[in-house]
>>> print(open('final_20.txt').read())   # compact mmCIF, C-alpha atoms
# COMPACT_ATOMS: atom_id res chain seq x y z
CA MET A 1 -79.81 -1.95 18.20
CA LEU A 2 -80.11 0.68 15.47
CA TYR A 3 -77.35 3.23 14.98
CA LEU A 4 -79.12 6.12 13.25
CA LEU A 5 -76.88 8.65 11.52
CA HIS A 6 -77.46 12.33 10.75
CA GLY A 7 -76.80 14.33 7.60
CA LEU A 8 -74.22 16.97 6.78
CA SER A 9 -76.06 20.02 8.15
CA ASP A 10 -77.57 18.22 11.17
CA ASP A 11 -76.45 16.74 14.47
CA GLU A 12 -77.49 13.98 16.87
CA THR A 13 -80.77 15.74 17.71
CA ALA A 14 -82.07 15.99 14.13
CA TRP A 15 -83.99 12.72 13.97
CA THR A 16 -85.94 13.48 17.14
CA ARG A 17 -86.54 17.14 16.19
CA PHE A 18 -87.58 16.76 12.58
CA SER A 19 -89.19 13.30 12.40
CA SER A 20 -91.59 11.33 14.56
CA LEU A 21 -88.97 8.68 15.24
CA GLU A 22 -89.83 8.30 18.93
CA ARG A 23 -93.42 7.48 18.08
CA TYR A 24 -92.40 5.02 15.37
CA VAL A 25 -90.12 2.99 17.66
CA ALA A 26 -92.20 3.22 20.85
CA ASP A 27 -93.67 -0.27 20.46
CA LEU A 28 -90.57 -1.91 19.01
CA ASP A 29 -88.00 -3.94 20.89
CA LEU A 30 -85.29 -1.66 19.56
CA ALA A 31 -82.73 0.69 21.05
CA VAL A 32 -81.68 3.63 18.87
CA VAL A 33 -78.34 5.42 19.22
CA MET A 34 -77.76 8.71 17.39
CA PRO A 35 -74.14 9.92 17.46
CA ASN A 36 -72.79 13.30 16.38
CA VAL A 37 -69.91 13.41 13.90
CA HIS A 38 -70.35 17.01 12.68
CA ARG A 39 -69.42 17.35 8.98
CA SER A 40 -66.86 14.55 8.90
CA TYR A 41 -68.55 12.11 6.50
CA TYR A 42 -68.06 9.48 9.19
CA SER A 43 -64.34 9.47 8.41
CA ASN A 44 -61.01 10.02 10.08
CA MET A 45 -60.60 13.60 8.88
CA LYS A 46 -57.45 14.74 7.16
CA HIS A 47 -57.69 17.94 9.21
CA GLY A 48 -59.89 17.19 12.18
CA TYR A 49 -61.03 14.38 14.44
CA ARG A 50 -60.99 10.63 13.89
CA TYR A 51 -64.73 10.14 13.57
CA TRP A 52 -64.48 6.80 11.77
CA ASP A 53 -62.67 5.32 14.76
CA PHE A 54 -65.39 6.80 16.95
CA VAL A 55 -68.42 5.37 15.13
CA SER A 56 -66.90 2.05 14.08
CA ASP A 57 -65.25 1.15 17.38
CA GLU A 58 -65.52 3.48 20.37
CA LEU A 59 -69.27 4.09 20.04
CA LEU A 60 -70.04 0.37 19.85
CA TYR A 61 -67.92 -0.37 22.91
CA LYS A 62 -69.36 2.49 24.94
CA THR A 63 -72.96 1.65 24.04
CA ARG A 64 -72.54 -1.97 25.03
CA SER A 65 -70.77 -1.08 28.27
CA LEU A 66 -73.50 1.37 29.36
CA PHE A 67 -76.64 -0.43 28.22
CA SER A 68 -77.94 -3.97 28.15
CA VAL A 69 -77.92 -4.39 24.37
CA SER A 70 -77.01 -7.39 22.26
CA PRO A 71 -73.57 -7.55 20.62
CA ARG A 72 -74.85 -10.17 18.18
CA ARG A 73 -74.49 -9.21 14.54
CA GLU A 74 -78.04 -10.35 13.78
CA GLN A 75 -79.40 -7.71 16.17
CA ASN A 76 -77.32 -4.72 15.10
CA TYR A 77 -78.26 -2.38 12.25
CA VAL A 78 -77.26 1.02 10.91
CA ALA A 79 -79.21 3.61 8.92
CA GLY A 80 -78.89 7.25 7.99
CA LEU A 81 -79.87 10.08 5.68
CA SER A 82 -77.75 11.95 3.13
CA MET A 83 -74.22 12.01 4.60
CA GLY A 84 -75.53 9.53 7.17
CA GLY A 85 -76.73 7.25 4.38
CA TYR A 86 -73.16 7.17 3.12
CA GLY A 87 -71.99 6.48 6.68
CA ALA A 88 -74.47 3.64 7.11
CA LEU A 89 -73.39 1.90 3.92
CA LYS A 90 -69.74 2.45 4.78
CA LEU A 91 -70.13 0.94 8.25
CA ALA A 92 -72.03 -2.11 7.01
CA LEU A 93 -69.70 -2.80 4.07
CA ALA A 94 -66.55 -2.27 6.15
CA LYS A 95 -67.81 -4.17 9.21
CA PRO A 96 -70.05 -6.97 7.89
CA ASP A 97 -69.37 -9.06 11.00
CA THR A 98 -70.89 -6.29 13.14
CA PHE A 99 -73.96 -5.14 11.18
CA ALA A 100 -76.65 -7.38 9.70
CA ALA A 101 -78.40 -4.62 7.75
CA ALA A 102 -77.89 -1.05 6.57
CA ALA A 103 -80.34 1.49 5.17
CA SER A 104 -79.53 4.64 3.23
CA LEU A 105 -82.08 7.40 2.68
CA SER A 106 -80.99 9.88 -0.02
CA GLY A 107 -77.45 8.73 0.64
CA SER A 108 -74.34 10.45 -0.68
CA CYS A 109 -73.39 7.27 -2.47
CA GLY A 110 -70.93 8.89 -4.85
CA LEU A 111 -69.81 11.84 -2.71
CA THR A 112 -70.63 14.13 -5.63
CA GLY A 113 -71.90 16.80 -3.29
CA LEU A 114 -68.71 16.78 -1.24
CA GLN A 115 -66.52 16.87 -4.34
CA ALA A 116 -68.36 20.02 -5.40
CA ARG A 117 -67.10 21.73 -2.21
CA PRO A 118 -63.28 21.73 -2.49
CA ALA A 119 -62.66 23.34 0.91
CA GLU A 120 -64.77 20.76 2.72
CA LEU A 121 -63.32 17.91 0.68
CA SER A 122 -59.86 19.10 1.70
CA LEU A 123 -60.76 19.06 5.40
CA VAL A 124 -62.22 15.56 5.31
CA PHE A 125 -60.15 13.65 2.75
CA GLY A 126 -57.48 16.04 1.48
CA ASP A 127 -58.51 15.46 -2.14
CA THR A 128 -60.56 13.01 -4.19
CA ALA A 129 -57.73 10.46 -4.09
CA GLY A 130 -57.97 10.65 -0.30
CA ILE A 131 -61.45 9.12 -0.41
CA ARG A 132 -60.00 5.89 -1.74
CA GLU A 133 -56.94 6.02 0.50
CA SER A 134 -59.15 6.49 3.58
CA GLY A 135 -61.13 3.33 2.87
CA GLY A 136 -64.20 5.44 2.23
CA ASP A 137 -64.92 4.44 -1.37
CA LEU A 138 -68.23 2.55 -1.20
CA ARG A 139 -67.67 0.78 -4.49
CA GLU A 140 -64.30 -0.57 -3.42
CA LEU A 141 -65.74 -1.69 -0.10
CA ALA A 142 -68.62 -3.47 -1.86
CA ARG A 143 -66.35 -5.13 -4.40
CA ALA A 144 -63.95 -6.35 -1.71
CA LEU A 145 -66.77 -7.71 0.42
CA ALA A 146 -68.37 -9.49 -2.53
CA ASP A 147 -65.12 -11.39 -3.11
CA ARG A 148 -64.66 -12.60 0.46
CA PRO A 149 -66.41 -15.43 2.29
CA GLY A 150 -68.62 -14.75 5.26
CA PRO A 151 -71.79 -12.79 5.98
CA LYS A 152 -72.90 -9.81 3.95
CA PRO A 153 -75.28 -7.14 5.24
CA LYS A 154 -78.72 -6.69 3.79
CA LEU A 155 -78.96 -3.29 2.13
CA PHE A 156 -81.80 -0.81 1.66
CA GLN A 157 -81.52 2.22 -0.61
CA SER A 158 -84.19 4.87 -1.02
CA CYS A 159 -84.11 8.18 -2.85
CA GLY A 160 -86.68 10.74 -3.97
CA ILE A 161 -87.07 11.28 -7.68
CA GLN A 162 -86.73 15.05 -7.18
CA ASP A 163 -83.55 14.60 -5.14
CA THR A 164 -80.20 15.84 -6.44
CA ALA A 165 -78.67 12.62 -5.07
CA LEU A 166 -80.81 10.43 -7.36
CA ALA A 167 -78.19 9.92 -10.07
CA ASP A 168 -75.57 8.80 -7.53
CA ASN A 169 -78.05 6.42 -5.92
CA ARG A 170 -79.00 4.86 -9.24
CA SER A 171 -75.34 4.51 -10.17
CA PHE A 172 -74.49 2.75 -6.90
CA ARG A 173 -77.55 0.50 -7.25
CA ASP A 174 -76.41 -0.55 -10.71
CA PHE A 175 -72.86 -1.12 -9.46
CA ILE A 176 -73.78 -3.48 -6.62
CA ALA A 177 -76.57 -5.31 -8.49
CA PRO A 178 -74.25 -7.99 -9.96
CA LEU A 179 -72.24 -8.40 -6.76
CA GLY A 180 -74.72 -10.66 -5.02
CA PHE A 181 -75.94 -8.40 -2.21
CA ASP A 182 -79.47 -8.71 -0.87
CA CYS A 183 -80.48 -5.13 -1.67
CA VAL A 184 -83.86 -3.41 -1.74
CA TYR A 185 -83.91 -0.27 -3.87
CA GLU A 186 -86.79 2.18 -4.05
CA GLU A 187 -87.63 5.54 -5.53
CA ALA A 188 -90.64 7.68 -4.72
CA PRO A 189 -91.78 11.25 -5.25
CA GLY A 190 -89.80 13.48 -2.92
CA ALA A 191 -86.86 15.80 -2.48
CA HIS A 192 -83.87 16.02 -0.16
CA ASP A 193 -85.97 16.94 2.87
CA TRP A 194 -87.51 15.74 6.10
CA ALA A 195 -90.88 14.96 4.56
CA TYR A 196 -89.17 12.23 2.56
CA TRP A 197 -86.97 11.02 5.42
CA ASP A 198 -89.81 10.90 7.95
CA ALA A 199 -91.74 8.63 5.60
CA GLY A 200 -88.57 6.74 4.72
CA ILE A 201 -87.58 5.82 8.25
CA GLN A 202 -90.98 4.19 8.71
CA ARG A 203 -90.28 1.98 5.69
CA VAL A 204 -86.82 1.20 7.02
CA LEU A 205 -88.22 0.11 10.39
CA ARG A 206 -90.69 -2.21 8.64
CA TRP A 207 -87.86 -3.63 6.52
CA LEU A 208 -85.40 -4.30 9.32
CA PRO A 209 -85.33 -7.96 10.44
CA LEU A 210 -86.37 -7.11 13.99
CA GLY A 211 -88.03 -10.42 14.66
>>> encode(input="final_20.txt", output="structure tokens")
Amino acid sequence: MLYLLHGLSDDETAWTRFSSLERYVADLDLAVVMPNVHRSYYSNMKHGYRYWDFVSDELLYKTRSLFSVSPRREQNYVAGLSMGGYGALKLALAKPDTFAAAASLSGSCGLTGLQARPAELSLVFGDTAGIRESGGDLRELARALADRPGPKPKLFQSCGIQDTALADNRSFRDFIAPLGFDCVYEEAPGAHDWAYWDAGIQRVLRWLPLG
């Protein structure tokens, strides 16, 4: 099972409209679920809906009740682009007993883009301190997970060298490097666009431990 997350300006239809995802997974023994969380950053919004509860709990329960999919950690993965890359890392680091692997394409690893939009930051987290209070700080999640026993998700980070998110991705890579995570990091020519993500999801599918 792959939970595939959309970016800030997209919705649950984006992956099938703008990439060739259906063709890439046609011959794989893999179900793909694409939820819609609007512009929530996969969080319980300060002024809005509780989207973190939805993606981290309700969505998993509903998917497993409707479809014959495995609940086993080893067969559940999460990936996403931009805001969805942040959401994928957040889910895997917060719920390591649920997800065996997470992939972030051009992920908002430092939430720099959101912090540059005060009105949107206010709606989601209230203020920058609210990011930490909400449990949405990726670095704190990674540090806490590194210090606890038990399984840790495999991580995949990819970002284009022309992408405005590159600095945040490099910074997060350098932060988690000494924490003992099994992490693949890659950079390639590309910007924050679907040309990069269409190519990137193919690499993610090859990387996932589907066997």
>>> closest_residue(input="final_20.txt", among="A:Gln115, A:Phe125, A:Val25, A:Gln75", to="Tyr42 in chain A", atoms="only C-alpha atoms")
A:Phe125
>>> residues_around(input="final_20.txt", residues="range 167-181 of chain A", least_positions_apart="6", cutoff="12 Å", atoms="only C-alpha atoms", output="VMD selection string")
chain A and resid 82 85 to 86 89 92 to 93 96 100 to 102 104 to 113 137 to 148 151 to 161 187
>>> atom_distance(input="final_20.txt", atom1="CA of Leu4 in chain A", atom2="CA of Ala119 in chain A")
26.8 Å
>>> atom_distance(input="final_20.txt", atom1="CA of Ile131 in chain A", atom2="CA of Gly190 in chain A")
28.8 Å
>>> closest_residue(input="final_20.txt", among="A:Gly150, A:Met83, A:Val124, A:Ser68", to="Tyr49 in chain A", atoms="only C-alpha atoms")
A:Val124
>>> atom_distance(input="final_20.txt", atom1="CA of Asn36 in chain A", atom2="CA of Thr128 in chain A")
23.9 Å
>>> closest_residue(input="final_20.txt", among="A:Pro189, A:Leu210, A:His47, A:His6", to="Gly87 in chain A", atoms="all atoms listed in the file")
A:His6
>>> closest_residue(input="final_20.txt", among="A:Asn44, A:Ala195, A:Ser20, A:Leu81", to="Ala165 in chain A", atoms="all atoms listed in the file")
A:Leu81
>>> axis_aligned_box(input="final_20.txt", around="range 100-116 of chain A", padding_each_side="8 Å", output="lines of an AutoDock Vina configuration file")
center_x = -74.3
center_y = 6.3
center_z = 2.0
size_x = 31.6
size_y = 43.4
size_z = 31.3
>>> closest_residue(input="final_20.txt", among="A:Asn76, A:Ser43, A:Glu120, A:Thr98", to="Glu133 in chain A", atoms="only C-alpha atoms")
A:Ser43
>>> closest_residue(input="final_20.txt", among="A:Met45, A:Leu59, A:Ala103, A:Ala199", to="Tyr185 in chain A", atoms="all atoms listed in the file")
A:Ala103
